[in-house]
Every structure is written in C-alpha cells, then in structure tokens.
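Next up, model-v2.cif (mmCIF, C-alpha atoms):
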```cif
data_entry
loop_
_atom_site.label_atom_id
_atom_site.label_comp_id
_atom_site.auth_asym_id
_atom_site.auth_seq_id
_atom_site.Cartn_x
_atom_site.Cartn_y
_atom_site.Cartn_z
CA MET A 395 0.00 0.00 0.00
CA PHE A 396 1.06 3.56 -0.67
CA ALA A 397 1.88 5.78 2.27
CA ALA A 398 -0.36 8.71 3.01
CA PRO A 399 0.94 12.23 2.35
CA SER A 400 1.31 12.81 6.08
CA GLN A 401 3.44 9.67 6.39
CA LEU A 402 5.63 10.73 3.44
CA ALA A 403 6.18 14.09 5.11
CA LEU A 404 7.52 12.27 8.19
CA VAL A 405 9.93 10.18 6.12
CA VAL A 406 11.15 13.07 3.91
CA PRO A 407 10.39 16.32 5.70
CA PRO A 408 9.93 19.24 3.26
CA VAL A 409 11.86 22.47 3.58
CA GLY A 410 9.40 24.42 5.69
CA LEU A 411 6.41 23.34 3.56
CA ASP A 412 3.60 20.94 4.34
CA TRP A 413 2.10 18.67 1.67
CA LEU A 414 -0.57 21.15 0.62
CA ASP A 415 1.99 23.93 0.29
CA GLN A 416 4.16 21.69 -1.85
CA MET A 417 1.29 21.01 -4.24
CA GLY A 418 0.73 24.75 -4.54
CA PHE A 419 4.44 25.19 -5.13
CA VAL A 420 4.29 22.64 -7.97
CA ASN A 421 1.37 24.44 -9.60
CA SER A 422 3.20 27.76 -9.53
CA THR A 423 6.48 26.25 -10.73
CA VAL A 424 5.53 23.90 -13.55
CA GLY A 425 4.77 26.71 -16.01
CA ARG A 426 8.12 28.37 -15.38
CA ILE A 427 10.03 25.13 -15.86
CA LEU A 428 8.13 24.20 -19.04
CA LEU A 429 8.74 27.64 -20.56
CA ALA A 430 12.44 27.31 -19.70
CA CYS A 431 12.51 23.92 -21.46
CA LEU A 432 10.76 25.39 -24.51
CA LEU A 433 13.06 28.41 -24.84
CA GLY A 434 16.23 26.46 -24.08
CA GLY A 435 15.20 23.76 -26.56
CA ALA A 436 14.53 26.38 -29.27
CA ILE A 437 18.00 27.85 -28.86
CA GLY A 438 19.49 24.36 -28.72
CA LEU A 439 17.69 23.43 -31.95
CA GLU A 440 19.48 26.24 -33.78
CA ARG A 441 22.78 25.03 -32.34
CA GLU A 442 21.91 21.46 -33.33
CA LEU A 443 21.12 22.46 -36.92
CA ALA A 444 24.42 24.33 -37.07
CA LYS A 445 26.14 21.09 -35.89
CA LYS A 446 27.58 22.68 -32.78
CA PRO A 447 28.55 20.70 -29.65
CA ALA A 448 25.87 22.20 -27.36
CA GLY A 449 22.58 21.05 -28.87
CA VAL A 450 18.95 20.67 -27.88
CA ARG A 451 19.40 18.51 -24.79
CA THR A 452 22.30 20.55 -23.41
CA ASN A 453 20.59 23.93 -23.75
CA LEU A 454 17.23 22.57 -22.59
CA LEU A 455 18.70 21.07 -19.43
CA ILE A 456 20.80 24.16 -18.66
CA CYS A 457 17.81 26.48 -19.08
CA MET A 458 15.54 24.24 -16.99
CA GLY A 459 18.20 23.78 -14.30
CA ALA A 460 18.79 27.52 -14.01
CA ALA A 461 15.04 28.11 -13.75
CA PHE A 462 14.61 25.45 -11.08
CA PHE A 463 17.58 26.70 -9.06
CA THR A 464 16.12 30.21 -9.18
CA VAL A 465 12.77 28.94 -7.90
CA LEU A 466 14.40 26.83 -5.20
CA SER A 467 16.59 29.69 -4.00
CA SER A 468 13.62 31.44 -2.38
CA VAL A 469 12.37 28.20 -0.79
CA ILE A 470 15.75 27.13 0.59
CA ALA A 471 16.56 30.60 1.93
CA GLY A 472 13.18 31.01 3.63
CA ASP A 473 11.92 34.34 4.90
CA SER A 474 15.11 35.50 6.59
CA GLY A 475 17.84 34.10 4.31
CA ASN A 476 19.61 35.50 1.28
CA LYS A 477 17.30 34.49 -1.57
CA GLY A 478 19.79 35.52 -4.25
CA GLN A 479 22.69 33.41 -3.00
CA VAL A 480 21.78 30.20 -4.84
CA ALA A 481 20.84 32.04 -8.03
CA SER A 482 24.08 34.05 -8.02
CA ASN A 483 26.13 30.86 -7.99
CA ILE A 484 24.46 29.76 -11.23
CA VAL A 485 26.50 32.35 -13.13
CA GLN A 486 29.76 30.96 -11.75
CA GLY A 487 28.78 27.36 -12.42
CA ILE A 488 27.77 28.09 -15.99
CA GLY A 489 31.08 29.89 -16.48
CA PHE A 490 32.98 26.67 -15.72
CA LEU A 491 30.71 24.69 -18.04
CA GLY A 492 31.17 27.15 -20.90
CA ALA A 493 34.93 27.17 -20.46
CA GLY A 494 34.99 23.50 -21.40
CA LEU A 495 33.62 24.35 -24.85
CA ILE A 496 36.39 26.82 -25.70
CA LEU A 497 39.26 25.21 -27.59
CA HIS A 498 42.59 26.62 -28.73
CA ASN A 499 43.86 25.02 -31.91
CA ARG A 500 45.60 26.04 -35.13
CA SER A 501 46.54 29.36 -33.54
CA ARG A 502 42.90 30.36 -33.07
CA LEU A 503 40.08 30.06 -30.57
CA SER A 504 36.91 28.10 -31.29
CA GLY A 505 33.74 27.47 -29.33
CA LEU A 506 33.31 31.02 -28.07
CA ALA A 507 29.81 31.39 -29.55
CA SER A 508 28.72 28.04 -28.06
CA ALA A 509 30.07 29.05 -24.65
CA ALA A 510 28.35 32.44 -24.86
CA SER A 511 25.05 30.80 -25.88
CA ILE A 512 25.18 28.52 -22.82
CA TRP A 513 25.84 31.51 -20.59
CA VAL A 514 22.88 33.50 -21.96
CA VAL A 515 20.62 30.40 -21.92
CA ALA A 516 21.24 30.18 -18.17
CA SER A 517 20.14 33.80 -17.77
CA ILE A 518 16.96 33.05 -19.75
CA GLY A 519 16.30 30.12 -17.44
CA MET A 520 16.77 32.36 -14.40
CA ALA A 521 14.26 34.82 -15.87
CA CYS A 522 11.76 31.99 -16.33
CA GLY A 523 12.35 30.85 -12.76
CA ALA A 524 11.69 34.39 -11.53
CA GLY A 525 8.40 34.51 -13.46
CA LEU A 526 9.61 37.03 -16.03
CA TYR A 527 8.02 35.25 -18.97
CA ALA A 528 7.96 38.11 -21.48
CA PRO A 529 11.60 39.21 -21.00
CA ALA A 530 12.76 35.58 -21.20
CA THR A 531 10.86 35.03 -24.47
CA VAL A 532 12.21 38.24 -26.01
CA ALA A 533 15.75 37.34 -24.94
CA ALA A 534 15.45 33.87 -26.50
CA PHE A 535 14.20 35.41 -29.75
CA ILE A 536 17.16 37.83 -29.79
CA VAL A 537 19.62 34.98 -29.21
CA ILE A 538 18.23 32.92 -32.09
CA ALA A 539 18.19 35.98 -34.37
CA ALA A 540 21.79 36.78 -33.44
CA MET A 541 22.94 33.25 -34.16
CA VAL A 542 21.11 32.87 -37.48
CA VAL A 543 20.75 36.34 -39.01
CA VAL A 544 23.94 37.98 -37.75
CA GLY A 545 25.99 34.90 -38.60
CA PHE A 546 24.56 34.88 -42.14
CA LEU A 547 25.24 38.58 -42.61
CA GLU A 548 28.80 38.21 -41.33
CA GLN A 549 29.55 35.67 -44.04
CA ARG A 550 27.69 37.49 -46.82
CA ALA A 551 29.31 40.81 -45.97
CA ASN A 552 32.73 39.08 -45.85
CA VAL A 553 33.30 40.43 -42.35
CA LYS A 554 34.17 37.31 -40.40
CA PRO A 555 36.78 34.80 -41.64
CA TYR A 556 36.06 31.13 -41.05
CA THR A 557 37.94 27.90 -41.66
CA VAL A 558 37.22 25.64 -44.62
CA THR A 559 39.00 22.37 -45.35
CA HIS A 560 39.81 22.13 -49.07
CA GLU A 561 40.37 18.77 -50.73
CA ALA A 562 42.15 18.75 -54.10
CA ARG A 563 41.99 15.58 -56.21
CA GLY A 564 44.09 14.54 -59.18
CA ALA A 565 46.58 12.03 -60.54
CA ASP A 566 49.93 13.76 -59.81
CA GLN A 567 50.46 14.83 -56.19
CA LEU A 568 53.54 16.98 -56.89
CA LEU A 569 51.76 18.84 -59.68
CA MET A 570 48.75 19.35 -57.41
CA LEU A 571 50.89 20.80 -54.61
CA GLN A 572 52.55 23.18 -57.04
CA GLY A 573 49.14 24.35 -58.26
CA ILE A 574 47.92 24.83 -54.69
CA LEU A 575 50.96 26.97 -53.86
CA VAL A 576 50.42 29.10 -56.98
CA ALA A 577 46.76 29.68 -56.07
CA LEU A 578 47.57 30.53 -52.46
CA ASP A 579 50.39 32.87 -53.50
CA LYS A 580 47.94 34.85 -55.63
CA GLN A 581 45.75 35.30 -52.56
CA ARG A 582 48.72 35.92 -50.26
CA GLN A 583 47.70 32.92 -48.21
CA ARG A 584 50.10 30.52 -46.53
CA LEU A 585 49.95 26.74 -46.75
CA ALA A 586 50.54 26.08 -43.06
CA GLU A 587 49.70 22.38 -43.14
CA PHE A 588 48.38 19.73 -45.47
CA ASP A 589 47.61 16.03 -45.45
CA SER A 590 47.95 13.53 -48.28
CA LYS A 591 45.54 10.60 -48.38
CA PRO A 592 45.77 8.76 -51.72
CA ILE A 593 43.25 6.10 -52.67
CA GLY A 594 44.80 3.87 -55.30
CA ASP A 595 45.82 6.04 -58.25
CA LEU A 596 43.70 8.95 -56.99
CA GLN A 597 45.78 11.52 -55.13
CA ARG A 598 44.12 13.63 -52.43
CA VAL A 599 45.67 16.74 -50.83
CA ILE A 600 43.71 18.13 -47.87
CA PHE A 601 44.49 21.50 -46.28
CA PRO A 602 42.61 24.06 -44.10
CA ILE A 603 42.36 27.74 -45.01
CA THR A 604 40.90 30.53 -42.86
CA ALA A 605 39.43 33.34 -44.97
CA THR A 606 36.23 35.25 -45.71
CA ASN A 607 33.42 33.86 -47.84
CA ARG A 608 34.54 35.81 -50.93
CA GLN A 609 38.15 34.68 -50.51
CA HIS A 610 37.07 31.04 -50.25
CA ASP A 611 35.11 31.37 -53.51
CA GLU A 612 38.07 33.04 -55.24
CA LEU A 613 40.43 30.35 -53.98
CA ARG A 614 38.17 27.60 -55.28
CA HIS A 615 38.16 29.23 -58.70
CA LEU A 616 41.96 29.59 -58.71
CA LEU A 617 42.45 25.98 -57.65
CA SER A 618 40.08 24.68 -60.33
CA THR A 619 42.18 26.37 -63.04
CA GLN A 620 45.47 24.83 -61.91
CA PRO A 621 46.93 21.93 -63.95
CA GLY A 622 46.87 18.60 -62.22
CA ILE A 623 43.79 19.41 -60.09
CA SER A 624 40.72 17.67 -61.49
CA GLN A 625 38.30 18.29 -58.61
CA ILE A 626 37.98 20.61 -55.60
CA LEU A 627 35.82 19.81 -52.58
CA ARG A 628 35.20 22.05 -49.57
CA PHE A 629 34.15 21.15 -46.02
CA ARG A 630 33.28 23.57 -43.23
CA ASP A 631 35.31 23.08 -40.07
CA PRO A 632 32.88 21.70 -37.42
CA GLU A 633 34.92 23.37 -34.64
CA ASP A 634 34.44 26.83 -36.15
CA ASP A 635 31.77 29.10 -34.61
#
```
Entire entry expressed as structure tokens:
Amino acid sequence: MFAAPSQLALVVPPVGLDWLDQMGFVNSTVGRILLACLLGGAIGLERELAKKPAGVRTNLLICMGAAFFTVLSSVIAGDSGNKGQVASNIVQGIGFLGAGLILHNRSRLSGLASAASIWVVASIGMACGAGLYAPATVAAFIVIAAMVVVGFLEQRANVKPYTVTHEARGADQLLMLQGILVALDKQRQRLAEFDSKPIGDLQRVIFPITATNRQHDELRHLLSTQPGISQILRFRDPEDD
C-alpha cells in the first residue's frame, strides 16, 4: 500500500512546507520550468542544426536547471535568508561549463559562440524561474536571431573569416601541390599544413584555409584552373563558430 501524504512528510520532511503547500508550489512552478525547457530547446535546436557541440538537450537542461535553481533559492533561503545566494552561484557554475567548450587550436580560438550561448541560456532560465516570462521570451528570440541572421550577414558581408577544409583531387600529387601553392600565393595565403591521403591512383591533398566567404570562392576558382587538379571539394570546419 502507498503511504499517506502525512506519512511521506515524516519520512522526507519538506523544507518548511507541508504537503498542501508543496502542491501549490508545484502548480506555480511547472509553467516556469516548461517555458524554460521550450526556450532552451529552441536555442538548442538552432545550435543542433548548425552542428555545434551544445545542442537541444544541453541547452534545454541548462535552461531548466537555471530556472529550477532560481525557484528553489527562495524556498531554501526562507523568509530570513539571502534568496539571491543560490541564483548568483548559477552564473559561476555556468562559467565553468562554458569554459569546457572553448578550444585553442591552429593558432585560433573556437567554441566562443557556443560558450556564450550557454551563458545566456542560463540567464533566460533564471528569468523563467523568476516569473519574467515576457523578458525571457524576447531574450530567446534575440539569441536565435543573433545566431542565425547575424551569422549569415557576417559571411555574406565578408566580415568574419572562417575555416574551410579544401580537398584537391588529381593524378599527380607533386603537380597538385605546385598548383595549390600558386593559387595561395595569388591570394597571399600561406599553406601552413596539409595532409595527403591517396586512394589507389587517386591523389588527395587536404588543407585548411581561414578566410572570408569571398576569398574562399576566389580560392576555389583559382584551384580549379590549376593543372593537375581535377576536382575541388570544400568542407566547413565543425569546430568553427
């Protein structure tokens, strides 16, 4: 048989709340948590579609956790305690989590946008936990717009350089490398590293280049006109934000 609510309260005493108060607390909290899940999931969906490390589940859980911590901070503190102490520690905790997404490789930093999105998702969750539904929704809309629209405009306006892995294919590897150097010299780019992965008689030279969208298009055209290069493929670096 199931224990009565009064018996459960004796086994696991609530934090200053009886069973009826807890039910009222659930009713006032469920909407805040669900909105946090919705907004965090929406931001995570954009990150997921962009193939970034922090996707739907990560952002949803962070937003919900921040909202729940914010709600619990007033309950744990009670009437006389510091109700902002628990919520203030969320910012520090999220800072450590976001730091794990920032990588330093190839003389550049990556993951900054993903780390920043996690940090702002936590703030949206805190707003949901505080009952600030409208500001949280507006903030989530701004985040998604910044990720999608601003990122698109940065590439189209040739403002932000990003890394693309180029793969040149042909029959003569030495002739291909000479053609790649000629194309890069015309763009004043440097061949910092490359990898050769032949498959039978097919030679493949793979190398990363960081440049703007226009420069990548120009480089592809230059490479396609070089002797010895029969095909050019391009792949966006998944670590690039």
Let me know the residues the PyMOL selection byres ((chain A and resi 611) around 12) catches in the file above, as a VMD selection string.
chain A and resid 549 to 550 552 558 560 581 603 605 to 610 612 to 618 626 to 628
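Nearest residue to Pro447 in chain A among A:Val465, A:Ile512, A:Ala521, A:Ala430 is A:Ile512, counting all atoms listed in the file.
Distance annotation: of A:Pro555, A:Gly523, A:Gly545, A:Pro621, the residue with the minimal separation from Glu440 in chain A is A:Gly545; atom set is all atoms listed in the file.
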In Å, rounded to a single decimal, give me how far CA of Arg598 in chain A is from CA of Arg563 in chain A.
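Taking CA of Arg563 in chain A and CA of Arg598 in chain A, their separation equals 4.8 Å.
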Tell me which residues the PyMOL selection byres ((chain A and resi 601) around 9) grabs here, as an NGL selection string.
:A and (558-562 or 585-590 or 599-600 or 602-603)
Which residue out of A:Gly519, A:Gly594, A:Ile484, A:Ala460 has the minimum interatomic distance to Leu433 in chain A when all atoms listed in the file are used?
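Selected residue with least distance to Leu433 in chain A: A:Gly519.
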Nearest-residue call for Gly487 in chain A, choices A:Trp513, A:Ser422, A:Ser468, A:Ile437, using all atoms listed in the file
A:Trp513
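For the atom pair formed by CA of Leu454 in chain A and CA of Val537 in chain A, the distance is 14.3 Å, given to one decimal.
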Test item: the PyMOL selection byres ((chain A and resi 565) around 7) resolved as a VMD selection string
chain A and resid 564 566 to 567 595 to 597 622
Let me see the file: selected residues, C-alpha atoms, as a PDB file, in the coordinates of the input.
```pdb
ATOM      1  CA  GLY A 564      44.090  14.540 -59.180  1.00  0.00           C
ATOM      2  CA  ASP A 566      49.930  13.760 -59.810  1.00  0.00           C
ATOM      3  CA  GLN A 567      50.460  14.830 -56.190  1.00  0.00           C
ATOM      4  CA  ASP A 595      45.820   6.040 -58.250  1.00  0.00           C
ATOM      5  CA  LEU A 596      43.700   8.950 -56.990  1.00  0.00           C
ATOM      6  CA  GLN A 597      45.780  11.520 -55.130  1.00  0.00           C
ATOM      7  CA  GLY A 622      46.870  18.600 -62.220  1.00  0.00           C
TER       8      GLY A 622
END
```
So how many Å separate CA of Ala577 in chain A and CA of Thr619 in chain A, to one decimal?
9.0 Å
Can you work out which one of A:Thr557, A:Thr531, A:Gln486, A:Thr452 has the shortest atom-to-atom distance to Phe629 in chain A, counting only C-alpha atoms?
A:Thr557
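Distance annotation: of A:Ile427, A:Tyr556, A:Ser511, A:Ser624, the residue with the minimal separation from Leu569 in chain A is A:Ser624; atom set is all atoms listed in the file.
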Contacts of Cys431 in chain A at 12 Å or less, counting all atoms listed in the file, minus same-chain residues fewer than 3 places along, as an NGL selection string?
:A and (424-428 or 434-439 or 450-462 or 515-516 or 518-520 or 522-523 or 530-531 or 534)
